[in-house]
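What follows is the content of model.txt, which has compact mmCIF, N, CA and C atoms:
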# COMPACT_ATOMS: atom_id res chain seq x y z
N MET A 1 104.78 63.22 -11.07
CA MET A 1 106.11 63.80 -10.84
C MET A 1 106.04 65.31 -11.00
N TYR A 2 106.68 66.00 -10.11
CA TYR A 2 106.71 67.45 -10.14
C TYR A 2 107.87 67.93 -10.99
N TYR A 3 107.68 69.11 -11.60
CA TYR A 3 108.81 69.77 -12.23
C TYR A 3 109.06 71.06 -11.46
N VAL A 4 110.06 71.04 -10.64
CA VAL A 4 110.44 72.20 -9.86
C VAL A 4 111.69 72.78 -10.51
N ASN A 5 111.63 74.05 -10.87
CA ASN A 5 112.74 74.69 -11.55
C ASN A 5 113.83 75.04 -10.54
N LYS A 6 114.57 74.01 -10.17
CA LYS A 6 115.60 74.17 -9.14
C LYS A 6 116.71 75.11 -9.58
N GLU A 7 116.99 75.15 -10.86
CA GLU A 7 118.06 76.04 -11.34
C GLU A 7 117.71 77.50 -11.08
N GLN A 8 116.47 77.88 -11.38
CA GLN A 8 116.06 79.27 -11.15
C GLN A 8 115.93 79.58 -9.66
N ILE A 9 115.50 78.61 -8.89
CA ILE A 9 115.46 78.81 -7.44
C ILE A 9 116.88 79.01 -6.92
N ALA A 10 117.81 78.19 -7.40
CA ALA A 10 119.20 78.30 -6.95
C ALA A 10 119.80 79.66 -7.28
N VAL A 11 119.53 80.16 -8.48
CA VAL A 11 120.04 81.48 -8.88
C VAL A 11 119.57 82.54 -7.89
N ARG A 12 118.32 82.46 -7.52
CA ARG A 12 117.77 83.46 -6.61
C ARG A 12 118.31 83.29 -5.19
N LEU A 13 118.43 82.05 -4.74
CA LEU A 13 118.97 81.82 -3.40
C LEU A 13 120.42 82.27 -3.30
N GLN A 14 121.17 82.15 -4.40
CA GLN A 14 122.57 82.57 -4.40
C GLN A 14 122.73 84.08 -4.25
N ALA A 15 121.66 84.84 -4.51
CA ALA A 15 121.71 86.30 -4.35
C ALA A 15 121.55 86.72 -2.89
N ILE A 16 121.03 85.85 -2.06
CA ILE A 16 120.72 86.21 -0.67
C ILE A 16 121.93 86.70 0.11
N PRO A 17 123.08 86.05 0.06
CA PRO A 17 124.21 86.56 0.87
C PRO A 17 124.57 88.02 0.54
N ASP A 18 124.57 88.38 -0.73
CA ASP A 18 124.90 89.76 -1.11
C ASP A 18 123.84 90.75 -0.63
N ILE A 19 122.57 90.38 -0.78
CA ILE A 19 121.48 91.26 -0.34
C ILE A 19 121.55 91.44 1.17
N ALA A 20 121.72 90.34 1.89
CA ALA A 20 121.80 90.42 3.36
C ALA A 20 123.01 91.25 3.81
N ALA A 21 124.14 91.06 3.16
CA ALA A 21 125.34 91.82 3.52
C ALA A 21 125.14 93.31 3.25
N ALA A 22 124.50 93.65 2.15
CA ALA A 22 124.25 95.06 1.84
C ALA A 22 123.33 95.69 2.89
N LEU A 23 122.28 94.98 3.27
CA LEU A 23 121.37 95.50 4.29
C LEU A 23 122.08 95.68 5.63
N GLU A 24 122.91 94.71 5.99
CA GLU A 24 123.67 94.83 7.24
C GLU A 24 124.63 96.00 7.21
N ALA A 25 125.30 96.19 6.09
CA ALA A 25 126.24 97.31 5.97
C ALA A 25 125.51 98.64 6.08
N LEU A 26 124.36 98.73 5.45
CA LEU A 26 123.57 99.96 5.54
C LEU A 26 123.12 100.21 6.97
N ALA A 27 122.63 99.19 7.63
CA ALA A 27 122.13 99.35 9.00
C ALA A 27 123.24 99.73 9.97
N SER A 28 124.44 99.21 9.76
CA SER A 28 125.51 99.44 10.71
C SER A 28 126.13 100.83 10.61
N SER A 29 126.01 101.46 9.46
CA SER A 29 126.66 102.77 9.31
C SER A 29 125.71 103.83 8.75
N TRP A 30 124.44 103.69 9.00
CA TRP A 30 123.41 104.56 8.43
C TRP A 30 123.61 106.02 8.82
N GLN A 31 123.64 106.89 7.80
CA GLN A 31 123.70 108.33 8.03
C GLN A 31 122.56 109.05 7.33
N GLY A 32 121.77 108.31 6.56
CA GLY A 32 120.61 108.91 5.91
C GLY A 32 120.92 109.66 4.63
N THR A 33 122.04 109.36 3.99
CA THR A 33 122.37 110.04 2.74
C THR A 33 121.46 109.54 1.62
N LEU A 34 121.41 110.31 0.55
CA LEU A 34 120.60 109.93 -0.60
C LEU A 34 121.07 108.59 -1.16
N LEU A 35 122.37 108.42 -1.28
CA LEU A 35 122.90 107.17 -1.82
C LEU A 35 122.53 105.97 -0.93
N GLU A 36 122.63 106.15 0.38
CA GLU A 36 122.23 105.07 1.29
C GLU A 36 120.74 104.77 1.15
N GLY A 37 119.95 105.83 1.05
CA GLY A 37 118.51 105.64 0.91
C GLY A 37 118.15 104.88 -0.35
N LEU A 38 118.79 105.23 -1.45
CA LEU A 38 118.53 104.52 -2.70
C LEU A 38 119.03 103.08 -2.64
N ALA A 39 120.17 102.88 -2.01
CA ALA A 39 120.70 101.52 -1.86
C ALA A 39 119.77 100.67 -0.98
N GLN A 40 119.25 101.26 0.08
CA GLN A 40 118.33 100.55 0.95
C GLN A 40 117.08 100.14 0.17
N GLU A 41 116.54 101.06 -0.61
CA GLU A 41 115.35 100.75 -1.41
C GLU A 41 115.62 99.55 -2.32
N ARG A 42 116.74 99.58 -3.00
CA ARG A 42 117.05 98.51 -3.95
C ARG A 42 117.29 97.19 -3.23
N ALA A 43 117.99 97.20 -2.12
CA ALA A 43 118.27 95.97 -1.39
C ALA A 43 116.97 95.37 -0.84
N LEU A 44 116.09 96.20 -0.30
CA LEU A 44 114.80 95.70 0.17
C LEU A 44 113.98 95.15 -1.00
N HIS A 45 114.01 95.85 -2.12
CA HIS A 45 113.29 95.39 -3.31
C HIS A 45 113.82 94.03 -3.77
N LEU A 46 115.13 93.88 -3.80
CA LEU A 46 115.72 92.59 -4.20
C LEU A 46 115.34 91.49 -3.21
N ALA A 47 115.28 91.81 -1.93
CA ALA A 47 114.87 90.82 -0.94
C ALA A 47 113.43 90.38 -1.20
N ILE A 48 112.57 91.33 -1.49
CA ILE A 48 111.17 91.02 -1.80
C ILE A 48 111.08 90.13 -3.03
N GLU A 49 111.75 90.52 -4.10
CA GLU A 49 111.68 89.77 -5.35
C GLU A 49 112.24 88.36 -5.17
N THR A 50 113.28 88.22 -4.38
CA THR A 50 113.86 86.91 -4.13
C THR A 50 112.85 86.00 -3.44
N VAL A 51 112.24 86.50 -2.38
CA VAL A 51 111.26 85.71 -1.63
C VAL A 51 110.06 85.35 -2.50
N THR A 52 109.53 86.32 -3.25
CA THR A 52 108.34 86.04 -4.04
C THR A 52 108.65 85.19 -5.27
N ASP A 53 109.80 85.39 -5.88
CA ASP A 53 110.18 84.54 -7.01
C ASP A 53 110.34 83.09 -6.58
N VAL A 54 111.07 82.87 -5.49
CA VAL A 54 111.26 81.51 -4.99
C VAL A 54 109.91 80.90 -4.63
N GLY A 55 109.08 81.66 -3.93
CA GLY A 55 107.75 81.17 -3.57
C GLY A 55 106.94 80.81 -4.80
N SER A 56 107.00 81.62 -5.83
CA SER A 56 106.26 81.34 -7.07
C SER A 56 106.76 80.07 -7.74
N TYR A 57 108.07 79.88 -7.76
CA TYR A 57 108.62 78.65 -8.34
C TYR A 57 108.17 77.42 -7.55
N LEU A 58 108.10 77.55 -6.24
CA LEU A 58 107.63 76.43 -5.42
C LEU A 58 106.16 76.14 -5.68
N ILE A 59 105.36 77.20 -5.75
CA ILE A 59 103.92 77.05 -6.02
C ILE A 59 103.71 76.38 -7.38
N ASP A 60 104.40 76.85 -8.38
CA ASP A 60 104.26 76.27 -9.72
C ASP A 60 104.77 74.83 -9.77
N GLY A 61 105.92 74.60 -9.19
CA GLY A 61 106.55 73.29 -9.27
C GLY A 61 105.83 72.21 -8.50
N PHE A 62 105.28 72.57 -7.35
CA PHE A 62 104.59 71.58 -6.53
C PHE A 62 103.07 71.63 -6.73
N ILE A 63 102.65 72.42 -7.70
CA ILE A 63 101.24 72.55 -8.06
C ILE A 63 100.40 72.85 -6.81
N LEU A 64 100.79 73.89 -6.11
CA LEU A 64 100.07 74.35 -4.93
C LEU A 64 98.95 75.29 -5.39
N ARG A 65 98.11 75.71 -4.47
CA ARG A 65 97.00 76.59 -4.86
C ARG A 65 97.52 77.91 -5.42
N ASP A 66 96.74 78.51 -6.28
CA ASP A 66 97.13 79.77 -6.92
C ASP A 66 97.19 80.91 -5.91
N ALA A 67 98.18 81.75 -6.08
CA ALA A 67 98.34 82.92 -5.21
C ALA A 67 97.58 84.10 -5.80
N SER A 68 96.96 84.88 -4.94
CA SER A 68 96.22 86.05 -5.39
C SER A 68 96.95 87.35 -5.09
N SER A 69 98.06 87.27 -4.36
CA SER A 69 98.83 88.46 -4.00
C SER A 69 100.23 88.04 -3.61
N TYR A 70 101.10 89.03 -3.42
CA TYR A 70 102.45 88.73 -2.96
C TYR A 70 102.42 88.12 -1.56
N GLU A 71 101.54 88.64 -0.71
CA GLU A 71 101.41 88.09 0.63
C GLU A 71 100.97 86.63 0.56
N ASP A 72 100.08 86.34 -0.37
CA ASP A 72 99.57 84.98 -0.56
C ASP A 72 100.69 84.02 -0.98
N ILE A 73 101.61 84.50 -1.79
CA ILE A 73 102.76 83.67 -2.19
C ILE A 73 103.50 83.20 -0.94
N VAL A 74 103.75 84.12 -0.03
CA VAL A 74 104.46 83.79 1.22
C VAL A 74 103.63 82.81 2.04
N GLU A 75 102.33 83.07 2.16
CA GLU A 75 101.48 82.19 2.96
C GLU A 75 101.44 80.77 2.40
N ILE A 76 101.30 80.64 1.09
CA ILE A 76 101.22 79.32 0.46
C ILE A 76 102.53 78.56 0.63
N ALA A 77 103.65 79.23 0.38
CA ALA A 77 104.95 78.57 0.55
C ALA A 77 105.16 78.18 2.01
N GLY A 78 104.73 79.04 2.92
CA GLY A 78 104.84 78.73 4.35
C GLY A 78 103.97 77.55 4.74
N GLU A 79 102.74 77.52 4.25
CA GLU A 79 101.84 76.40 4.53
C GLU A 79 102.41 75.08 4.02
N ALA A 80 103.14 75.15 2.91
CA ALA A 80 103.76 73.94 2.34
C ALA A 80 104.96 73.48 3.16
N GLY A 81 105.46 74.33 4.05
CA GLY A 81 106.60 73.96 4.89
C GLY A 81 107.95 74.36 4.33
N ALA A 82 107.96 75.32 3.40
CA ALA A 82 109.21 75.74 2.77
C ALA A 82 110.11 76.53 3.71
N PHE A 83 109.55 77.08 4.78
CA PHE A 83 110.32 77.82 5.78
C PHE A 83 109.57 77.75 7.10
N PRO A 84 110.22 78.05 8.22
CA PRO A 84 109.57 77.96 9.53
C PRO A 84 108.36 78.89 9.64
N GLU A 85 107.33 78.40 10.26
CA GLU A 85 106.09 79.16 10.44
C GLU A 85 106.33 80.51 11.10
N ALA A 86 107.25 80.54 12.06
CA ALA A 86 107.53 81.78 12.79
C ALA A 86 108.10 82.88 11.89
N MET A 87 108.63 82.51 10.75
CA MET A 87 109.21 83.48 9.82
C MET A 87 108.15 84.19 8.97
N GLN A 88 106.99 83.59 8.86
CA GLN A 88 105.97 84.10 7.95
C GLN A 88 105.56 85.55 8.20
N PRO A 89 105.30 86.00 9.44
CA PRO A 89 104.89 87.40 9.63
C PRO A 89 105.94 88.40 9.13
N LEU A 90 107.20 88.13 9.37
CA LEU A 90 108.26 89.04 8.90
C LEU A 90 108.34 89.06 7.38
N LEU A 91 108.21 87.90 6.75
CA LEU A 91 108.24 87.84 5.28
C LEU A 91 107.03 88.55 4.67
N ILE A 92 105.89 88.43 5.31
CA ILE A 92 104.71 89.15 4.82
C ILE A 92 104.91 90.65 4.98
N GLU A 93 105.47 91.06 6.10
CA GLU A 93 105.78 92.49 6.29
C GLU A 93 106.73 92.97 5.19
N LEU A 94 107.71 92.15 4.85
CA LEU A 94 108.65 92.49 3.79
C LEU A 94 107.94 92.66 2.45
N VAL A 95 107.15 91.68 2.05
CA VAL A 95 106.53 91.76 0.72
C VAL A 95 105.49 92.86 0.62
N LYS A 96 104.94 93.29 1.76
CA LYS A 96 104.01 94.43 1.76
C LYS A 96 104.71 95.73 1.37
N LEU A 97 106.04 95.74 1.42
CA LEU A 97 106.80 96.94 1.02
C LEU A 97 106.90 97.07 -0.50
N ARG A 98 106.52 96.04 -1.23
CA ARG A 98 106.71 96.07 -2.68
C ARG A 98 105.98 97.26 -3.32
N LYS A 99 104.73 97.45 -2.98
CA LYS A 99 103.96 98.55 -3.59
C LYS A 99 104.59 99.91 -3.26
N PRO A 100 104.90 100.19 -1.99
CA PRO A 100 105.55 101.48 -1.72
C PRO A 100 106.89 101.66 -2.44
N LEU A 101 107.66 100.58 -2.56
CA LEU A 101 108.97 100.68 -3.20
C LEU A 101 108.90 100.78 -4.72
N VAL A 102 107.95 100.08 -5.31
CA VAL A 102 107.91 99.99 -6.78
C VAL A 102 106.93 100.97 -7.40
N GLN A 103 105.80 101.19 -6.75
CA GLN A 103 104.78 102.05 -7.35
C GLN A 103 104.69 103.42 -6.70
N GLU A 104 105.00 103.51 -5.42
CA GLU A 104 104.87 104.78 -4.70
C GLU A 104 106.23 105.27 -4.21
N TYR A 105 107.27 104.97 -4.98
CA TYR A 105 108.65 105.28 -4.62
C TYR A 105 108.88 106.76 -4.36
N TYR A 106 108.10 107.61 -4.99
CA TYR A 106 108.24 109.07 -4.83
C TYR A 106 107.93 109.51 -3.41
N GLY A 107 107.20 108.69 -2.65
CA GLY A 107 106.87 109.04 -1.27
C GLY A 107 107.67 108.30 -0.23
N TRP A 108 108.61 107.45 -0.70
CA TRP A 108 109.41 106.65 0.24
C TRP A 108 110.33 107.55 1.05
N PRO A 109 110.39 107.41 2.36
CA PRO A 109 111.25 108.26 3.21
C PRO A 109 112.71 107.81 3.13
N ARG A 110 113.42 108.29 2.12
CA ARG A 110 114.78 107.82 1.83
C ARG A 110 115.79 108.11 2.93
N ALA A 111 115.58 109.12 3.71
CA ALA A 111 116.56 109.48 4.73
C ALA A 111 116.43 108.62 5.99
N GLU A 112 115.37 107.81 6.06
CA GLU A 112 115.13 106.99 7.25
C GLU A 112 115.58 105.55 7.03
N LEU A 113 116.16 104.99 8.07
CA LEU A 113 116.51 103.58 8.05
C LEU A 113 115.24 102.79 8.37
N HIS A 114 114.83 101.94 7.44
CA HIS A 114 113.63 101.13 7.66
C HIS A 114 113.98 100.00 8.63
N ALA A 115 113.05 99.67 9.51
CA ALA A 115 113.30 98.63 10.52
C ALA A 115 113.68 97.30 9.90
N LEU A 116 113.11 96.95 8.75
CA LEU A 116 113.43 95.67 8.14
C LEU A 116 114.86 95.60 7.62
N THR A 117 115.47 96.74 7.38
CA THR A 117 116.86 96.74 6.94
C THR A 117 117.72 96.08 8.01
N ARG A 118 117.35 96.29 9.25
CA ARG A 118 118.06 95.69 10.38
C ARG A 118 117.58 94.26 10.65
N ASP A 119 116.29 94.02 10.47
CA ASP A 119 115.68 92.77 10.90
C ASP A 119 115.72 91.63 9.89
N ILE A 120 115.78 91.94 8.60
CA ILE A 120 115.58 90.90 7.59
C ILE A 120 116.84 90.12 7.18
N PRO A 121 118.05 90.65 7.29
CA PRO A 121 119.20 89.90 6.75
C PRO A 121 119.33 88.46 7.26
N GLU A 122 119.27 88.26 8.56
CA GLU A 122 119.43 86.90 9.09
C GLU A 122 118.24 86.03 8.70
N GLN A 123 117.06 86.62 8.65
CA GLN A 123 115.88 85.87 8.24
C GLN A 123 115.96 85.47 6.76
N LEU A 124 116.52 86.33 5.94
CA LEU A 124 116.73 85.98 4.53
C LEU A 124 117.65 84.78 4.40
N ARG A 125 118.72 84.79 5.17
CA ARG A 125 119.65 83.65 5.13
C ARG A 125 118.95 82.36 5.57
N LEU A 126 118.17 82.46 6.63
CA LEU A 126 117.43 81.31 7.12
C LEU A 126 116.40 80.85 6.09
N PHE A 127 115.77 81.79 5.41
CA PHE A 127 114.83 81.46 4.33
C PHE A 127 115.53 80.61 3.28
N GLY A 128 116.71 81.02 2.86
CA GLY A 128 117.46 80.28 1.85
C GLY A 128 117.79 78.87 2.28
N VAL A 129 118.28 78.73 3.49
CA VAL A 129 118.61 77.41 4.03
C VAL A 129 117.35 76.56 4.15
N SER A 130 116.26 77.16 4.60
CA SER A 130 115.01 76.43 4.78
C SER A 130 114.45 75.94 3.46
N VAL A 131 114.51 76.77 2.43
CA VAL A 131 114.02 76.35 1.11
C VAL A 131 114.87 75.20 0.59
N GLN A 132 116.17 75.30 0.76
CA GLN A 132 117.07 74.21 0.34
C GLN A 132 116.68 72.91 1.05
N GLN A 133 116.48 72.97 2.34
CA GLN A 133 116.11 71.78 3.11
C GLN A 133 114.75 71.24 2.69
N TYR A 134 113.83 72.14 2.41
CA TYR A 134 112.50 71.76 1.94
C TYR A 134 112.60 70.98 0.63
N LEU A 135 113.38 71.47 -0.30
CA LEU A 135 113.54 70.79 -1.58
C LEU A 135 114.20 69.42 -1.40
N GLU A 136 115.16 69.35 -0.51
CA GLU A 136 115.82 68.06 -0.25
C GLU A 136 114.84 67.05 0.35
N ARG A 137 113.92 67.55 1.21
CA ARG A 137 112.91 66.67 1.80
C ARG A 137 111.87 66.23 0.76
N GLU A 138 111.43 67.18 -0.04
CA GLU A 138 110.34 66.91 -0.98
C GLU A 138 110.79 66.22 -2.26
N LEU A 139 112.04 66.40 -2.61
CA LEU A 139 112.58 65.80 -3.84
C LEU A 139 113.85 65.02 -3.50
N PRO A 140 113.73 63.99 -2.67
CA PRO A 140 114.93 63.31 -2.18
C PRO A 140 115.74 62.61 -3.27
N ASP A 141 115.13 62.26 -4.36
CA ASP A 141 115.86 61.56 -5.43
C ASP A 141 116.55 62.51 -6.39
N GLU A 142 116.27 63.79 -6.25
CA GLU A 142 116.85 64.78 -7.16
C GLU A 142 118.26 65.14 -6.71
N SER A 143 119.05 65.66 -7.62
CA SER A 143 120.40 66.11 -7.25
C SER A 143 120.30 67.34 -6.38
N ASP A 144 121.29 67.58 -5.62
CA ASP A 144 121.35 68.68 -4.68
C ASP A 144 121.25 70.02 -5.40
N LEU A 145 120.37 70.91 -4.91
CA LEU A 145 120.13 72.23 -5.50
C LEU A 145 121.41 73.05 -5.58
N ARG A 146 122.28 72.92 -4.61
CA ARG A 146 123.50 73.74 -4.58
C ARG A 146 124.41 73.40 -5.75
N LYS A 147 124.22 72.24 -6.34
CA LYS A 147 125.02 71.87 -7.50
C LYS A 147 124.48 72.51 -8.76
N GLY A 148 123.27 73.13 -8.63
CA GLY A 148 122.68 73.89 -9.72
C GLY A 148 122.23 73.05 -10.83

Could you rewrite the structure in this file as structure tokens?
Amino acid sequence: MYYVNKEQIAVRLQAIPDIAAALEALASSWQGTLLEGLAQERALHLAIETVTDVGSYLIDGFILRDASSYEDIVEIAGEAGAFPEAMQPLLIELVKLRKPLVQEYYGWPRAELHALTRDIPEQLRLFGVSVQQYLERELPDESDLRKG
């Protein structure tokens, strides 16, 4: 029997609508201000952490192979069927931003709208739905994740 920490996965999935809405709002009215740039950095960072945290919980819970990098977390969760295969390249592109955002933030071009700010919101929502469906398939006897 697997122990999948559905409560922690649910907490992270519940953050997706706010993150996606923030990214959409930034993309729709981008003027390149400092505040917008900082908000974009944080929203992208939260998107990355959400994807990698959920992936890590799935890897741990289903006793999948160990991940050696953030990209590997996405690959392993994708191989397990937690989200559509076609989504994997975009999610890998997203998690590759972690180092520039967290460690090399001083060089981040804050005045520029990053392409993923426009591209990732709908994919994040789909990621959340896909993970929910994956858990329902893999743990059919368990209570629904949305009930927390």

>> Using only C-alpha atoms, can you tell me which of A:Glu104, A:Glu136, A:Pro84, A:Val54 comes closest to Val11 in chain A?
In response: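 Of the candidates, the smallest distance to Val11 in chain A is held by A:Val54.
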
>> At a cut-off of 10 Å, using only C-alpha atoms, what residues contact Glu24 in chain A? Leave out same-chain residues fewer than 2 positions from it and give the result as a list in words.
In response: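 Contacts, with the query itself left out: Asp18, Ile19, Ala20, Ala21, Ala22, Leu26, Ala27, Ser28, Ser29, Trp30, Thr117, Arg118, Asp119, Ile120, Pro121 and Glu122 of chain A.
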
> range 15-78 of chain A: which residues are helix (DSSP H, G or I) by DSSP, as a PyMOL selection string?
Replying inline: chain A and resi 15-28+34-61+70-78

> What is the distance between atom N of Ile76 in chain A and atom C of Gly55 in chain A, in Å to one decimal?
Replying inline: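 Taking atom N of Ile76 in chain A as the start and atom C of Gly55 in chain A as the end point, the length is 8.2 Å.
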
> If you count only C-alpha atoms, which residues fall within 9 Å of Gln88 in chain A, apart from same-chain ones fewer than 5 positions away, as a ChimeraX atom specification?
Replying inline: /A:74-75,78,83,93

> Which residue out of A:Leu139, A:Asp60, A:His45, A:Glu71 has the minimum interatomic distance to Val102 in chain A when all atoms listed in the file are used?
Replying inline: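 The closest residue to Val102 in chain A is A:His45.
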
> Between A:Ala82, A:Lys96, A:Glu36, A:Gln8, which one has atoms that come closest to Val129 in chain A, using all atoms listed in the file?
Replying inline: A:Ala82

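When CA of Gln40 in chain A is paired with atom C of Arg125 in chain A, their separation reads 18.8 Å.
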
>> Please report the interatomic distance between CA of Gly61 in chain A and atom N of Tyr3 in chain A in Å with one decimal.
In response: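 These two atoms are separated by 4.9 Å.
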
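For the choices A:Gly128, A:Asn5, A:Ala111, A:Arg98, the atom-to-atom distance to Glu49 in chain A is smallest for A:Arg98 when using only C-alpha atoms.
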
> Which is closest to Gly81 in chain A among A:Ala67, A:Gln31, A:Leu44, A:Leu58, if we use only C-alpha atoms?
Replying inline: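 Checking each candidate against Gly81 in chain A, we get A:Leu58 as the closest.
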
Write out as a PDB file with N, CA and C atoms, keeping the file's coordinate frame the residues lying within 9 Å of Lys6 in chain A, counting only C-alpha atoms and excluding same-chain residues fewer than 2 positions away.
ATOM      1  N   TYR A   3     107.680  69.110 -11.600  1.00  0.00           N
ATOM      2  CA  TYR A   3     108.810  69.770 -12.230  1.00  0.00           C
ATOM      3  C   TYR A   3     109.060  71.060 -11.460  1.00  0.00           C
ATOM      4  N   VAL A   4     110.060  71.040 -10.640  1.00  0.00           N
ATOM      5  CA  VAL A   4     110.440  72.200  -9.860  1.00  0.00           C
ATOM      6  C   VAL A   4     111.690  72.780 -10.510  1.00  0.00           C
ATOM      7  N   GLN A   8     116.470  77.880 -11.380  1.00  0.00           N
ATOM      8  CA  GLN A   8     116.060  79.270 -11.150  1.00  0.00           C
ATOM      9  C   GLN A   8     115.930  79.580  -9.660  1.00  0.00           C
ATOM     10  N   ILE A   9     115.500  78.610  -8.890  1.00  0.00           N
ATOM     11  CA  ILE A   9     115.460  78.810  -7.440  1.00  0.00           C
ATOM     12  C   ILE A   9     116.880  79.010  -6.920  1.00  0.00           C
ATOM     13  N   ALA A  10     117.810  78.190  -7.400  1.00  0.00           N
ATOM     14  CA  ALA A  10     119.200  78.300  -6.950  1.00  0.00           C
ATOM     15  C   ALA A  10     119.800  79.660  -7.280  1.00  0.00           C
ATOM     16  N   VAL A  11     119.530  80.160  -8.480  1.00  0.00           N
ATOM     17  CA  VAL A  11     120.040  81.480  -8.880  1.00  0.00           C
ATOM     18  C   VAL A  11     119.570  82.540  -7.890  1.00  0.00           C
ATOM     19  N   TYR A  57     108.070  79.880  -7.760  1.00  0.00           N
ATOM     20  CA  TYR A  57     108.620  78.650  -8.340  1.00  0.00           C
ATOM     21  C   TYR A  57     108.170  77.420  -7.550  1.00  0.00           C
ATOM     22  N   LEU A 135     113.380  71.470  -0.300  1.00  0.00           N
ATOM     23  CA  LEU A 135     113.540  70.790  -1.580  1.00  0.00           C
ATOM     24  C   LEU A 135     114.200  69.420  -1.400  1.00  0.00           C
ATOM     25  N   LEU A 145     120.370  70.910  -4.910  1.00  0.00           N
ATOM     26  CA  LEU A 145     120.130  72.230  -5.500  1.00  0.00           C
ATOM     27  C   LEU A 145     121.410  73.050  -5.580  1.00  0.00           C
ATOM     28  N   GLY A 148     123.270  73.130  -8.630  1.00  0.00           N
ATOM     29  CA  GLY A 148     122.680  73.890  -9.720  1.00  0.00           C
ATOM     30  C   GLY A 148     122.230  73.050 -10.830  1.00  0.00           C
TER      31      GLY A 148
END

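Across A:Arg110, A:Phe62, A:Ala86, A:Lys99, the tightest approach to Tyr134 in chain A is made by A:Phe62 when counting only C-alpha atoms.
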
If the box runs along x, y and z of the file and leaves 4 Å on each side of range 129-141 of chain A, what are its centre and edge lengths in Å, one decimal, as lines of an AutoDock Vina configuration file?
center_x = 114.5
center_y = 70.1
center_z = -0.8
size_x = 16.3
size_y = 25.2
size_z = 19.2

Complete the atoms of range 95-100 of chain A to all heavy atoms and put them out as a JSON list (two decimals), in the coordinates of the input.
[["chain", "number", "residue", "atom", "x", "y", "z"],
["A", 95, "VAL", "N", 107.15, 91.68, 2.05],
["A", 95, "VAL", "CA", 106.53, 91.76, 0.72],
["A", 95, "VAL", "C", 105.49, 92.86, 0.62],
["A", 95, "VAL", "O", 105.21, 93.37, -0.47],
["A", 95, "VAL", "CB", 105.98, 90.40, 0.22],
["A", 95, "VAL", "CG1", 107.09, 89.38, 0.11],
["A", 95, "VAL", "CG2", 104.84, 89.89, 1.05],
["A", 96, "LYS", "N", 104.94, 93.29, 1.76],
["A", 96, "LYS", "CA", 104.01, 94.43, 1.76],
["A", 96, "LYS", "C", 104.71, 95.73, 1.37],
["A", 96, "LYS", "O", 104.05, 96.70, 1.01],
["A", 96, "LYS", "CB", 103.33, 94.58, 3.12],
["A", 96, "LYS", "CG", 102.24, 93.58, 3.34],
["A", 96, "LYS", "CD", 101.56, 93.81, 4.68],
["A", 96, "LYS", "CE", 100.41, 92.84, 4.87],
["A", 96, "LYS", "NZ", 99.71, 93.08, 6.13],
["A", 97, "LEU", "N", 106.04, 95.74, 1.42],
["A", 97, "LEU", "CA", 106.80, 96.94, 1.02],
["A", 97, "LEU", "C", 106.90, 97.07, -0.50],
["A", 97, "LEU", "O", 107.34, 98.11, -0.99],
["A", 97, "LEU", "CB", 108.21, 96.90, 1.61],
["A", 97, "LEU", "CG", 108.35, 97.07, 3.10],
["A", 97, "LEU", "CD1", 109.82, 97.01, 3.50],
["A", 97, "LEU", "CD2", 107.72, 98.38, 3.55],
["A", 98, "ARG", "N", 106.52, 96.04, -1.23],
["A", 98, "ARG", "CA", 106.71, 96.07, -2.68],
["A", 98, "ARG", "C", 105.98, 97.26, -3.32],
["A", 98, "ARG", "O", 106.55, 97.99, -4.12],
["A", 98, "ARG", "CB", 106.26, 94.77, -3.34],
["A", 98, "ARG", "CG", 106.67, 94.71, -4.80],
["A", 98, "ARG", "CD", 106.36, 93.38, -5.44],
["A", 98, "ARG", "NE", 107.02, 93.26, -6.72],
["A", 98, "ARG", "CZ", 106.61, 93.85, -7.83],
["A", 98, "ARG", "NH1", 105.54, 94.62, -7.82],
["A", 98, "ARG", "NH2", 107.29, 93.70, -8.96],
["A", 99, "LYS", "N", 104.73, 97.45, -2.98],
["A", 99, "LYS", "CA", 103.96, 98.55, -3.59],
["A", 99, "LYS", "C", 104.59, 99.91, -3.26],
["A", 99, "LYS", "O", 104.81, 100.71, -4.17],
["A", 99, "LYS", "CB", 102.50, 98.50, -3.17],
["A", 99, "LYS", "CG", 101.66, 99.56, -3.86],
["A", 99, "LYS", "CD", 100.19, 99.42, -3.56],
["A", 99, "LYS", "CE", 99.41, 100.48, -4.31],
["A", 99, "LYS", "NZ", 97.97, 100.36, -4.06],
["A", 100, "PRO", "N", 104.90, 100.19, -1.99],
["A", 100, "PRO", "CA", 105.55, 101.48, -1.72],
["A", 100, "PRO", "C", 106.89, 101.66, -2.44],
["A", 100, "PRO", "O", 107.21, 102.75, -2.90],
["A", 100, "PRO", "CB", 105.75, 101.49, -0.21],
["A", 100, "PRO", "CG", 104.82, 100.48, 0.33],
["A", 100, "PRO", "CD", 104.59, 99.48, -0.76]]
